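Structure file run-v7.tsv with TSV, N, CA, C and O atoms:
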```
chain	number	residue	atom	x	y	z
A	630	MET	N	0.84	-1.19	0.00
A	630	MET	CA	0.00	0.00	0.00
A	630	MET	C	0.88	1.25	0.00
A	630	MET	O	1.88	1.31	0.69
A	631	ALA	N	0.48	2.21	-0.79
A	631	ALA	CA	1.18	3.49	-0.83
A	631	ALA	C	0.89	4.26	0.46
A	631	ALA	O	-0.16	4.09	1.08
A	632	SER	N	1.85	5.11	0.84
A	632	SER	CA	1.67	5.90	2.06
A	632	SER	C	2.28	7.28	1.88
A	632	SER	O	3.14	7.48	1.03
A	633	VAL	N	1.80	8.24	2.68
A	633	VAL	CA	2.28	9.61	2.64
A	633	VAL	C	3.16	9.84	3.87
A	633	VAL	O	2.78	9.49	4.99
A	634	HIS	N	4.35	10.42	3.64
A	634	HIS	CA	5.28	10.71	4.73
A	634	HIS	C	5.64	12.19	4.69
A	634	HIS	O	5.95	12.71	3.62
A	635	GLU	N	5.63	12.82	5.85
A	635	GLU	CA	6.10	14.20	5.95
A	635	GLU	C	7.62	14.16	6.06
A	635	GLU	O	8.16	13.43	6.88
A	636	ARG	N	8.30	14.93	5.23
A	636	ARG	CA	9.75	15.05	5.30
A	636	ARG	C	10.04	16.34	6.06
A	636	ARG	O	9.48	17.39	5.73
A	637	LYS	N	10.89	16.26	7.07
A	637	LYS	CA	11.18	17.43	7.92
A	637	LYS	C	12.67	17.71	7.95
A	637	LYS	O	13.49	16.81	7.79
A	638	ASN	N	13.01	19.00	8.19
A	638	ASN	CA	14.40	19.38	8.35
A	638	ASN	C	14.77	19.31	9.83
A	638	ASN	O	13.96	18.90	10.67
A	639	LYS	N	15.99	19.72	10.16
A	639	LYS	CA	16.46	19.64	11.56
A	639	LYS	C	15.67	20.54	12.50
A	639	LYS	O	15.62	20.29	13.69
A	640	ALA	N	15.06	21.57	11.95
A	640	ALA	CA	14.24	22.48	12.76
A	640	ALA	C	12.82	21.95	12.92
A	640	ALA	O	11.95	22.64	13.44
A	641	ASP	N	12.58	20.72	12.48
A	641	ASP	CA	11.29	20.05	12.57
A	641	ASP	C	10.20	20.72	11.73
A	641	ASP	O	9.02	20.64	12.02
A	642	GLU	N	10.63	21.41	10.67
A	642	GLU	CA	9.69	22.04	9.73
A	642	GLU	C	9.45	21.08	8.57
A	642	GLU	O	10.39	20.48	8.06
A	643	VAL	N	8.20	20.97	8.15
A	643	VAL	CA	7.88	20.10	7.02
A	643	VAL	C	8.45	20.74	5.75
A	643	VAL	O	8.17	21.89	5.44
A	644	THR	N	9.27	19.97	5.02
A	644	THR	CA	9.88	20.46	3.78
A	644	THR	C	9.21	19.88	2.54
A	644	THR	O	9.36	20.43	1.45
A	645	SER	N	8.52	18.75	2.70
A	645	SER	CA	7.78	18.16	1.58
A	645	SER	C	6.92	17.02	2.11
A	645	SER	O	7.07	16.58	3.25
A	646	HIS	N	6.03	16.56	1.25
A	646	HIS	CA	5.25	15.35	1.51
A	646	HIS	C	5.66	14.34	0.45
A	646	HIS	O	5.72	14.67	-0.73
A	647	GLN	N	5.98	13.14	0.87
A	647	GLN	CA	6.48	12.11	-0.04
A	647	GLN	C	5.51	10.93	-0.04
A	647	GLN	O	5.12	10.44	1.01
A	648	VAL	N	5.12	10.51	-1.25
A	648	VAL	CA	4.32	9.30	-1.39
A	648	VAL	C	5.29	8.18	-1.73
A	648	VAL	O	6.10	8.31	-2.65
A	649	LYS	N	5.25	7.10	-0.97
A	649	LYS	CA	6.14	5.95	-1.18
A	649	LYS	C	5.31	4.70	-1.39
A	649	LYS	O	4.29	4.51	-0.74
A	650	TRP	N	5.78	3.86	-2.33
A	650	TRP	CA	5.13	2.56	-2.55
A	650	TRP	C	6.12	1.63	-3.21
A	650	TRP	O	7.12	2.06	-3.75
A	651	ARG	N	5.84	0.35	-3.15
A	651	ARG	CA	6.65	-0.64	-3.84
A	651	ARG	C	5.94	-1.00	-5.14
A	651	ARG	O	4.75	-1.29	-5.15
A	652	LEU	N	6.70	-0.98	-6.24
A	652	LEU	CA	6.13	-1.27	-7.54
A	652	LEU	C	5.45	-2.63	-7.53
A	652	LEU	O	6.04	-3.63	-7.13
A	653	GLY	N	4.19	-2.65	-7.89
A	653	GLY	CA	3.41	-3.88	-7.88
A	653	GLY	C	2.89	-4.26	-6.51
A	653	GLY	O	2.14	-5.21	-6.38
A	654	GLY	N	3.28	-3.52	-5.48
A	654	GLY	CA	2.79	-3.79	-4.13
A	654	GLY	C	3.46	-4.97	-3.44
A	654	GLY	O	3.10	-5.30	-2.32
A	655	SER	N	4.44	-5.59	-4.09
A	655	SER	CA	5.07	-6.77	-3.48
A	655	SER	C	6.26	-6.37	-2.62
A	655	SER	O	6.84	-5.30	-2.78
A	656	ARG	N	6.64	-7.26	-1.74
A	656	ARG	CA	7.77	-7.04	-0.85
A	656	ARG	C	9.07	-6.86	-1.63
A	656	ARG	O	9.98	-6.16	-1.20
A	657	THR	N	9.16	-7.48	-2.79
A	657	THR	CA	10.39	-7.41	-3.58
A	657	THR	C	10.35	-6.33	-4.66
A	657	THR	O	11.34	-6.10	-5.34
A	658	GLY	N	9.21	-5.66	-4.81
A	658	GLY	CA	9.10	-4.58	-5.80
A	658	GLY	C	9.98	-3.41	-5.41
A	658	GLY	O	10.19	-3.12	-4.24
A	659	GLY	N	10.52	-2.74	-6.41
A	659	GLY	CA	11.38	-1.58	-6.15
A	659	GLY	C	10.61	-0.41	-5.56
A	659	GLY	O	9.44	-0.20	-5.89
A	660	TRP	N	11.28	0.33	-4.66
A	660	TRP	CA	10.63	1.50	-4.07
A	660	TRP	C	10.42	2.57	-5.13
A	660	TRP	O	11.29	2.83	-5.96
A	661	GLN	N	9.27	3.21	-5.09
A	661	GLN	CA	8.90	4.32	-5.96
A	661	GLN	C	8.49	5.49	-5.07
A	661	GLN	O	7.93	5.27	-3.98
A	662	THR	N	8.79	6.73	-5.47
A	662	THR	CA	8.42	7.89	-4.68
A	662	THR	C	7.99	9.04	-5.58
A	662	THR	O	8.41	9.14	-6.72
A	663	GLU	N	7.16	9.89	-5.03
A	663	GLU	CA	6.79	11.17	-5.64
A	663	GLU	C	6.81	12.20	-4.52
A	663	GLU	O	6.39	11.93	-3.40
A	664	ILE	N	7.29	13.40	-4.84
A	664	ILE	CA	7.42	14.48	-3.86
A	664	ILE	C	6.37	15.55	-4.13
A	664	ILE	O	6.13	15.92	-5.29
A	665	PHE	N	5.78	16.07	-3.05
A	665	PHE	CA	4.76	17.12	-3.14
A	665	PHE	C	5.14	18.28	-2.22
A	665	PHE	O	5.94	18.11	-1.30
A	666	ASP	N	4.55	19.43	-2.47
A	666	ASP	CA	4.85	20.64	-1.69
A	666	ASP	C	4.59	20.46	-0.20
A	666	ASP	O	3.78	19.62	0.20
A	667	PRO	N	5.27	21.28	0.63
A	667	PRO	CA	5.14	21.13	2.08
A	667	PRO	C	3.87	21.73	2.69
A	667	PRO	O	3.57	21.47	3.85
A	668	ASP	N	3.12	22.48	1.90
A	668	ASP	CA	1.93	23.13	2.45
A	668	ASP	C	0.73	22.17	2.49
A	668	ASP	O	0.83	21.01	2.10
A	669	GLU	N	-0.39	22.67	2.97
A	669	GLU	CA	-1.60	21.85	3.11
A	669	GLU	C	-2.11	21.37	1.75
A	669	GLU	O	-2.60	20.25	1.62
A	670	THR	N	-1.97	22.21	0.72
A	670	THR	CA	-2.37	21.81	-0.62
A	670	THR	C	-1.52	20.65	-1.11
A	670	THR	O	-2.03	19.70	-1.72
A	671	GLY	N	-0.22	20.69	-0.84
A	671	GLY	CA	0.67	19.60	-1.21
A	671	GLY	C	0.32	18.32	-0.49
A	671	GLY	O	0.38	17.23	-1.06
A	672	LYS	N	-0.06	18.44	0.78
A	672	LYS	CA	-0.45	17.26	1.56
A	672	LYS	C	-1.69	16.61	0.96
A	672	LYS	O	-1.77	15.40	0.79
A	673	LYS	N	-2.69	17.45	0.63
A	673	LYS	CA	-3.92	16.92	0.03
A	673	LYS	C	-3.64	16.29	-1.33
A	673	LYS	O	-4.18	15.23	-1.66
A	674	ALA	N	-2.77	16.92	-2.13
A	674	ALA	CA	-2.40	16.35	-3.43
A	674	ALA	C	-1.70	15.01	-3.25
A	674	ALA	O	-1.95	14.06	-4.00
A	675	ALA	N	-0.84	14.91	-2.25
A	675	ALA	CA	-0.15	13.65	-1.97
A	675	ALA	C	-1.14	12.56	-1.58
A	675	ALA	O	-1.01	11.41	-2.00
A	676	GLU	N	-2.14	12.92	-0.80
A	676	GLU	CA	-3.15	11.94	-0.39
A	676	GLU	C	-3.97	11.46	-1.59
A	676	GLU	O	-4.27	10.27	-1.71
A	677	VAL	N	-4.31	12.38	-2.49
A	677	VAL	CA	-5.05	12.01	-3.70
A	677	VAL	C	-4.19	11.09	-4.56
A	677	VAL	O	-4.66	10.06	-5.07
A	678	PHE	N	-2.90	11.44	-4.72
A	678	PHE	CA	-2.00	10.61	-5.52
A	678	PHE	C	-1.82	9.24	-4.88
A	678	PHE	O	-1.81	8.22	-5.58
A	679	ARG	N	-1.67	9.19	-3.56
A	679	ARG	CA	-1.57	7.91	-2.84
A	679	ARG	C	-2.76	7.02	-3.17
A	679	ARG	O	-2.60	5.83	-3.47
A	680	ASP	N	-3.95	7.60	-3.14
A	680	ASP	CA	-5.16	6.83	-3.44
A	680	ASP	C	-5.16	6.33	-4.88
A	680	ASP	O	-5.60	5.22	-5.16
A	681	ALA	N	-4.62	7.15	-5.81
A	681	ALA	CA	-4.54	6.74	-7.22
A	681	ALA	C	-3.56	5.58	-7.39
A	681	ALA	O	-3.82	4.64	-8.12
A	682	VAL	N	-2.44	5.65	-6.68
A	682	VAL	CA	-1.45	4.56	-6.73
A	682	VAL	C	-2.09	3.27	-6.21
A	682	VAL	O	-1.96	2.20	-6.82
A	683	ASN	N	-2.78	3.37	-5.09
A	683	ASN	CA	-3.42	2.18	-4.52
A	683	ASN	C	-4.50	1.63	-5.46
A	683	ASN	O	-4.61	0.41	-5.64
A	684	ALA	N	-5.26	2.52	-6.09
A	684	ALA	CA	-6.32	2.07	-7.01
A	684	ALA	C	-5.73	1.39	-8.25
A	684	ALA	O	-6.36	0.52	-8.84
A	685	ALA	N	-4.49	1.77	-8.61
A	685	ALA	CA	-3.83	1.18	-9.78
A	685	ALA	C	-3.01	-0.05	-9.42
A	685	ALA	O	-2.23	-0.53	-10.23
A	686	GLY	N	-3.18	-0.54	-8.21
A	686	GLY	CA	-2.46	-1.75	-7.80
A	686	GLY	C	-0.96	-1.52	-7.65
A	686	GLY	O	-0.17	-2.42	-7.88
A	687	GLN	N	-0.56	-0.32	-7.29
A	687	GLN	CA	0.83	0.08	-7.11
A	687	GLN	C	1.65	-0.10	-8.40
A	687	GLN	O	2.85	-0.35	-8.35
A	688	GLN	N	1.02	0.04	-9.56
A	688	GLN	CA	1.71	-0.13	-10.83
A	688	GLN	C	2.22	1.18	-11.43
A	688	GLN	O	2.79	1.16	-12.51
A	689	LEU	N	2.01	2.30	-10.76
A	689	LEU	CA	2.51	3.58	-11.28
A	689	LEU	C	3.98	3.71	-10.94
A	689	LEU	O	4.37	3.55	-9.79
A	690	ARG	N	4.80	4.03	-11.93
A	690	ARG	CA	6.24	4.22	-11.69
A	690	ARG	C	6.51	5.65	-11.25
A	690	ARG	O	5.77	6.57	-11.57
A	691	ALA	N	7.59	5.82	-10.49
A	691	ALA	CA	8.02	7.15	-10.06
A	691	ALA	C	8.16	8.04	-11.29
A	691	ALA	O	8.61	7.60	-12.34
A	692	GLY	N	7.79	9.29	-11.19
A	692	GLY	CA	7.84	10.23	-12.30
A	692	GLY	C	6.57	10.25	-13.13
A	692	GLY	O	6.44	11.07	-14.03
A	693	PHE	N	5.62	9.39	-12.81
A	693	PHE	CA	4.37	9.31	-13.57
A	693	PHE	C	3.65	10.66	-13.58
A	693	PHE	O	3.19	11.13	-14.61
A	694	ARG	N	3.58	11.30	-12.44
A	694	ARG	CA	2.86	12.58	-12.34
A	694	ARG	C	3.49	13.62	-13.25
A	694	ARG	O	2.80	14.32	-13.97
A	695	ASP	N	4.82	13.72	-13.27
A	695	ASP	CA	5.49	14.70	-14.11
A	695	ASP	C	5.32	14.37	-15.59
A	695	ASP	O	5.09	15.26	-16.40
A	696	ARG	N	5.42	13.10	-15.95
A	696	ARG	CA	5.22	12.70	-17.35
A	696	ARG	C	3.80	12.99	-17.79
A	696	ARG	O	3.56	13.43	-18.91
A	697	LEU	N	2.85	12.77	-16.89
A	697	LEU	CA	1.44	13.04	-17.21
A	697	LEU	C	1.24	14.52	-17.50
A	697	LEU	O	0.47	14.89	-18.39
A	698	LEU	N	1.94	15.38	-16.78
A	698	LEU	CA	1.81	16.82	-16.95
A	698	LEU	C	2.78	17.39	-17.99
A	698	LEU	O	2.85	18.59	-18.20
A	699	GLY	N	3.59	16.51	-18.62
A	699	GLY	CA	4.51	16.95	-19.65
A	699	GLY	C	5.74	17.63	-19.10
A	699	GLY	O	6.42	18.38	-19.81
A	700	ARG	N	6.08	17.38	-17.83
A	700	ARG	CA	7.26	17.97	-17.23
A	700	ARG	C	8.37	16.94	-17.14
A	700	ARG	O	8.13	15.75	-17.10
A	701	THR	N	9.60	17.42	-17.09
A	701	THR	CA	10.73	16.53	-16.87
A	701	THR	C	11.21	16.73	-15.46
A	701	THR	O	11.12	17.83	-14.90
A	702	ARG	N	11.75	15.68	-14.87
A	702	ARG	CA	12.26	15.75	-13.49
A	702	ARG	C	13.68	16.28	-13.51
A	702	ARG	O	14.47	15.91	-14.35
A	703	PRO	N	14.05	17.10	-12.53
A	703	PRO	CA	15.44	17.56	-12.45
A	703	PRO	C	16.35	16.38	-12.11
A	703	PRO	O	15.95	15.47	-11.40
A	704	VAL	N	17.56	16.44	-12.62
A	704	VAL	CA	18.53	15.36	-12.36
A	704	VAL	C	19.40	15.73	-11.20
A	704	VAL	O	19.76	16.80	-10.96
```
Could you take the file, read its structure, and then write that structure out as structure tokens?
Amino acid sequence: MASVHERKNKADEVTSHQVKWRLGGSRTGGWQTEIFDPDETGKKAAEVFRDAVNAAGQQLRAGFRDRLLGRTRPV
């Protein structure tokens, strides 16, 4: 199952929300992640994306959201 994690800095401030899941949902599937903004809107977007990953059987690969929107990920 996909899950949302708050990422925090040393000052305990939320710096991002991360959705994590294993590809295919199996124990041996590779970890996949997507990063969302640290604000409340980012948290809600992460929760919506988490639900989409779960509905797709954890078959969405990392970067799916950016590819869907026609963006490239920074290297």
Discussion item. I'd like to know which of A:Arg679, A:Arg636, A:Lys649, A:Arg690 is closest to A:Pro667, using all atoms listed in the file.
Written reply: A:Arg636
Practice prompt. Find the distance between atom CA of A:Arg651 and atom CA of A:Glu669 and write it in Å to one decimal.
Written response: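 Atom-to-atom, atom CA of A:Arg651 and atom CA of A:Glu669 are spaced 24.9 Å apart.
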Worksheet item: Taking the backbone alone, and naming residues the way the document does, which bits of chain A are alpha helix (DSSP H) by DSSP, as a list of chain:residue names?
Response: A:Glu669, A:Thr670, A:Gly671, A:Lys672, A:Lys673, A:Ala674, A:Ala675, A:Glu676, A:Val677, A:Phe678, A:Arg679, A:Asp680, A:Ala681, A:Val682, A:Asn683, A:Ala684, A:Phe693, A:Arg694, A:Asp695, A:Arg696, A:Leu697
Fill in: Nearby residues (all atoms listed in the file) at most 7 Å from A:Thr644, same-chain spacing under 3 positions excluded, as a count of residues only
9
Worksheet entry | atom CA of A:Val643 to atom CA of A:Ser655, distance in Å rounded to a single decimal |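 Taking atom CA of A:Val643 as the start and atom CA of A:Ser655 as the end point, the length is 29.0 Å.
Listed by chain and then by rising number, the residues of chain A that DSSP assigns to strand (DSSP E) from the backbone are Ser632, Val633, His634, Glu635, Arg636, Lys637, Val643, Thr644, Ser645, His646, Gln647, Val648, Lys649, Trp650, Arg651, Trp660, Gln661, Thr662, Glu663, Ile664 and Phe665 of chain A.
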Worksheet item: atom O of A:Ser645 and atom N of A:Leu689, how far apart in Å?
Response: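 Calculated distance between atom N of A:Leu689 and atom O of A:Ser645 is 20.6 Å.
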Discussion item. Ranking A:Phe693, A:Ala640, A:Phe678, A:Val633 by minimum distance to A:Thr662 and counting all atoms listed in the file, which one comes first?
Written reply: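 So, comparing all the options, the nearest one is A:Phe693.
If all atoms listed in the file are the atoms counted, then among A:Gly686, A:Ser632, A:Val677, A:Glu642 the closest residue to A:Glu663 is A:Ser632.
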Worksheet item: Which polymer residues have any atom within 7 Å of an atom of A:Met630, counting only C-alpha atoms, with same-chain residues fewer than 2 positions away left out, as a PyMOL selection string?
Response: chain A and resi 632+650+654+683
Worksheet item: Using only C-alpha atoms, which residue out of A:Thr670, A:Gln661, A:Leu652, A:Gln647 lies closest to A:Gln688?
Response: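 Using only C-alpha atoms, the shortest distance to A:Gln688 belongs to A:Leu652.
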